[in-house]
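**Q** Here it is, the structure, as structure tokens.
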Amino acid sequence: MAAPSFVPQSAATRTRTYTSPPQGPTSWRADRPGDLVGRQPDGERLGSPSPDGGYALTVVAALDPELHLQAGEHRADVHAGLAAVATKRASIFGRAPVIHDLKIAAAVWGFLTPNPPARIVEARATMFGECSHPYFYERLRDIADAVPDELLGRPTQQALDAVASDWRTGLDLG
């Protein structure tokens with residue numbers, strides 16, 4: 001087995017010593033087919049990446065006891081939709097999603113109240129249905145895009161207060 005040269009050995013034992021591999025001749029370049037050249041693309045329906053956005057699906061379990069689902073709503077779909085909004089908010093701040101992002105998402109979509117406005121329940125029925133299935137990524141985009149960036153950019157308590165005073169500030173169901 002190779003060992004660093006400073007490890008004491010018996011004079012009779014002949015061992016190999018560790019050497020670093022030779023340094024490559026050039027630096028790394030984005031030249032493979034899947035590599036992005038330049039900045040992350042942005043535009044309509046591309047979303048905003050956040051570091052470890054999938055963590056929202058883990059954190060949403062902590063919020064589960066506070067969620068009020070209506071008849072016909074499935075927990076997996078609600079989790080996926082809330083995670084999409086939470087990831088959008090986290091990307092605005094350039095960090096991974098935290099519980100506060102999910103609380104805002106749940107408040108905006110009326111999941112923290114047992115009797116949300118009828119308009120929200122109606123929108124949830126069409127937008128959240130089956131959105132946990134990978135085939136329905138567009139629904140997740142619709143759910144996240146319905147929440148204005150201006151609201152998500154506010155501090156947590158300000159956003160929650162705005163939604164509590166008038167739910168229309170939190171959703172653009174146009």
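Chain labels follow the order of the structure tokens: the first chain is A, the next B, and so on; residue numbering restarts at 1 in every chain, and ligands are counted from 1 in their shown order.
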Using only C-alpha atoms, which protein or nucleic acid residues come within 12 Å of Thr58 in chain A? Drop anything in the same chain fewer than 6 positions from it, and give the result as a list of chain:residue names.
**A** A:Asp52, A:Asp64, A:Ala76, A:His79, A:Ala80, A:Leu82, A:Ala83, A:Ala86, A:Ala96, A:Pro97, A:Val98, A:Ile99, A:Leu102
**Q** Determine which residues of chain A DSSP labels as helix (DSSP H, G or I) from the backbone of this structure, then write them out as an MDAnalysis selection string.
**A** chainID A and resid 55:66 75:93 99:108 118:127 134:145 149:152 156:165 167:169
**Q** Restrict the selected residues to C-alpha atoms and save them as a PDB file, in the first residue's frame.
**A**
```
ATOM      1  CA  TYR A  55     -35.402  20.794   0.078  1.00  0.00           C
ATOM      2  CA  ALA A  56     -38.834  22.481   0.154  1.00  0.00           C
ATOM      3  CA  LEU A  57     -40.420  19.038  -0.292  1.00  0.00           C
ATOM      4  CA  THR A  58     -38.710  17.938   2.926  1.00  0.00           C
ATOM      5  CA  VAL A  59     -39.573  21.076   4.890  1.00  0.00           C
ATOM      6  CA  VAL A  60     -43.246  21.059   3.855  1.00  0.00           C
ATOM      7  CA  ALA A  61     -43.740  17.980   6.038  1.00  0.00           C
ATOM      8  CA  ALA A  62     -43.170  20.191   9.105  1.00  0.00           C
ATOM      9  CA  LEU A  63     -46.070  22.398   7.975  1.00  0.00           C
ATOM     10  CA  ASP A  64     -48.378  19.450   7.324  1.00  0.00           C
ATOM     11  CA  PRO A  65     -50.338  19.588  10.631  1.00  0.00           C
ATOM     12  CA  GLU A  66     -51.335  23.206   9.923  1.00  0.00           C
ATOM     13  CA  ARG A  75     -51.595  15.999   0.119  1.00  0.00           C
ATOM     14  CA  ALA A  76     -48.882  15.178  -2.456  1.00  0.00           C
ATOM     15  CA  ASP A  77     -50.311  17.750  -4.890  1.00  0.00           C
ATOM     16  CA  VAL A  78     -50.538  20.407  -2.176  1.00  0.00           C
ATOM     17  CA  HIS A  79     -46.956  19.704  -1.107  1.00  0.00           C
ATOM     18  CA  ALA A  80     -45.685  19.995  -4.688  1.00  0.00           C
ATOM     19  CA  GLY A  81     -47.574  23.256  -5.335  1.00  0.00           C
ATOM     20  CA  LEU A  82     -46.429  24.866  -2.091  1.00  0.00           C
ATOM     21  CA  ALA A  83     -42.845  23.759  -2.757  1.00  0.00           C
ATOM     22  CA  ALA A  84     -42.980  25.485  -6.168  1.00  0.00           C
ATOM     23  CA  VAL A  85     -43.996  28.794  -4.570  1.00  0.00           C
ATOM     24  CA  ALA A  86     -41.465  28.381  -1.743  1.00  0.00           C
ATOM     25  CA  THR A  87     -38.667  27.704  -4.231  1.00  0.00           C
ATOM     26  CA  LYS A  88     -39.648  30.803  -6.195  1.00  0.00           C
ATOM     27  CA  ARG A  89     -39.421  32.915  -3.033  1.00  0.00           C
ATOM     28  CA  ALA A  90     -36.112  31.322  -2.010  1.00  0.00           C
ATOM     29  CA  SER A  91     -34.645  32.082  -5.434  1.00  0.00           C
ATOM     30  CA  ILE A  92     -35.470  35.774  -4.983  1.00  0.00           C
ATOM     31  CA  PHE A  93     -33.207  35.770  -1.921  1.00  0.00           C
ATOM     32  CA  ILE A  99     -40.210  26.996   6.530  1.00  0.00           C
ATOM     33  CA  HIS A 100     -41.134  30.694   6.224  1.00  0.00           C
ATOM     34  CA  ASP A 101     -41.269  30.382   2.435  1.00  0.00           C
ATOM     35  CA  LEU A 102     -43.710  27.511   2.786  1.00  0.00           C
ATOM     36  CA  LYS A 103     -45.842  29.388   5.322  1.00  0.00           C
ATOM     37  CA  ILE A 104     -46.226  32.274   2.901  1.00  0.00           C
ATOM     38  CA  ALA A 105     -47.088  29.876   0.082  1.00  0.00           C
ATOM     39  CA  ALA A 106     -49.677  28.118   2.242  1.00  0.00           C
ATOM     40  CA  ALA A 107     -51.173  31.424   3.388  1.00  0.00           C
ATOM     41  CA  VAL A 108     -51.391  32.786  -0.150  1.00  0.00           C
ATOM     42  CA  ALA A 118     -64.437  30.395  -2.760  1.00  0.00           C
ATOM     43  CA  ARG A 119     -62.363  31.879  -5.605  1.00  0.00           C
ATOM     44  CA  ILE A 120     -59.164  30.395  -4.138  1.00  0.00           C
ATOM     45  CA  VAL A 121     -60.765  26.979  -3.625  1.00  0.00           C
ATOM     46  CA  GLU A 122     -61.987  27.054  -7.227  1.00  0.00           C
ATOM     47  CA  ALA A 123     -58.510  27.949  -8.522  1.00  0.00           C
ATOM     48  CA  ARG A 124     -56.890  25.277  -6.362  1.00  0.00           C
ATOM     49  CA  ALA A 125     -59.214  22.608  -7.758  1.00  0.00           C
ATOM     50  CA  THR A 126     -57.961  23.169 -11.290  1.00  0.00           C
ATOM     51  CA  MET A 127     -54.353  24.189 -10.654  1.00  0.00           C
ATOM     52  CA  PRO A 134     -43.882  15.119 -13.291  1.00  0.00           C
ATOM     53  CA  TYR A 135     -45.996  15.308 -16.441  1.00  0.00           C
ATOM     54  CA  PHE A 136     -47.822  18.359 -15.066  1.00  0.00           C
ATOM     55  CA  TYR A 137     -44.822  20.663 -14.580  1.00  0.00           C
ATOM     56  CA  GLU A 138     -46.774  23.449 -16.314  1.00  0.00           C
ATOM     57  CA  ARG A 139     -49.270  23.410 -13.448  1.00  0.00           C
ATOM     58  CA  LEU A 140     -46.467  23.963 -10.959  1.00  0.00           C
ATOM     59  CA  ARG A 141     -45.305  26.907 -13.046  1.00  0.00           C
ATOM     60  CA  ASP A 142     -48.864  28.288 -13.061  1.00  0.00           C
ATOM     61  CA  ILE A 143     -49.116  27.932  -9.279  1.00  0.00           C
ATOM     62  CA  ALA A 144     -45.803  29.715  -8.699  1.00  0.00           C
ATOM     63  CA  ASP A 145     -46.429  32.374 -11.351  1.00  0.00           C
ATOM     64  CA  ASP A 149     -42.719  38.559  -6.994  1.00  0.00           C
ATOM     65  CA  GLU A 150     -43.441  41.801  -5.136  1.00  0.00           C
ATOM     66  CA  LEU A 151     -45.247  39.921  -2.375  1.00  0.00           C
ATOM     67  CA  LEU A 152     -42.632  37.165  -2.175  1.00  0.00           C
ATOM     68  CA  THR A 156     -42.180  37.136   6.094  1.00  0.00           C
ATOM     69  CA  GLN A 157     -44.476  38.911   8.542  1.00  0.00           C
ATOM     70  CA  GLN A 158     -45.267  41.720   6.092  1.00  0.00           C
ATOM     71  CA  ALA A 159     -46.210  39.171   3.428  1.00  0.00           C
ATOM     72  CA  LEU A 160     -48.388  37.197   5.837  1.00  0.00           C
ATOM     73  CA  ASP A 161     -50.104  40.388   7.046  1.00  0.00           C
ATOM     74  CA  ALA A 162     -50.773  41.523   3.471  1.00  0.00           C
ATOM     75  CA  VAL A 163     -52.380  38.200   2.582  1.00  0.00           C
ATOM     76  CA  ALA A 164     -54.405  38.157   5.819  1.00  0.00           C
ATOM     77  CA  SER A 165     -55.820  41.628   5.125  1.00  0.00           C
ATOM     78  CA  TRP A 167     -56.075  37.602  -0.270  1.00  0.00           C
ATOM     79  CA  ARG A 168     -56.071  39.318  -3.688  1.00  0.00           C
ATOM     80  CA  THR A 169     -52.653  40.871  -2.910  1.00  0.00           C
TER      81      THR A 169
END
```
**Q** Could you please determine the separation between CA of Gly72 in chain A and CA of Glu130 in chain A in Å, to one decimal place?
**A**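 Atom-to-atom, CA of Gly72 in chain A and CA of Glu130 in chain A are spaced 10.9 Å apart.
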**Q** Taking into account only C-alpha atoms, which residue in the set A:Gly110, A:Pro148, A:Pro8, A:Gly43 is nearest to His68 in chain A?
**A**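 Checking each of A:Gly110, A:Pro148, A:Pro8, A:Gly43 against His68 in chain A, counting only C-alpha atoms, the winner is A:Gly110.
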**Q** Any idea what the distance is between CA of Gly38 in chain A and CA of Pro22 in chain A?
**A**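 Computed distance, CA of Gly38 in chain A to CA of Pro22 in chain A, equals 29.1 Å.
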**Q** Could you tell me which of A:Leu173, A:Gly94, A:Leu36, A:Asp31 comes closest to Pro49 in chain A if we count only C-alpha atoms?
**A** A:Gly94
**Q** Can you measure CA of Glu73 in chain A to CA of Asp166 in chain A for me? One decimal in Å is fine.
**A**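 These atoms are spaced 23.6 Å apart.
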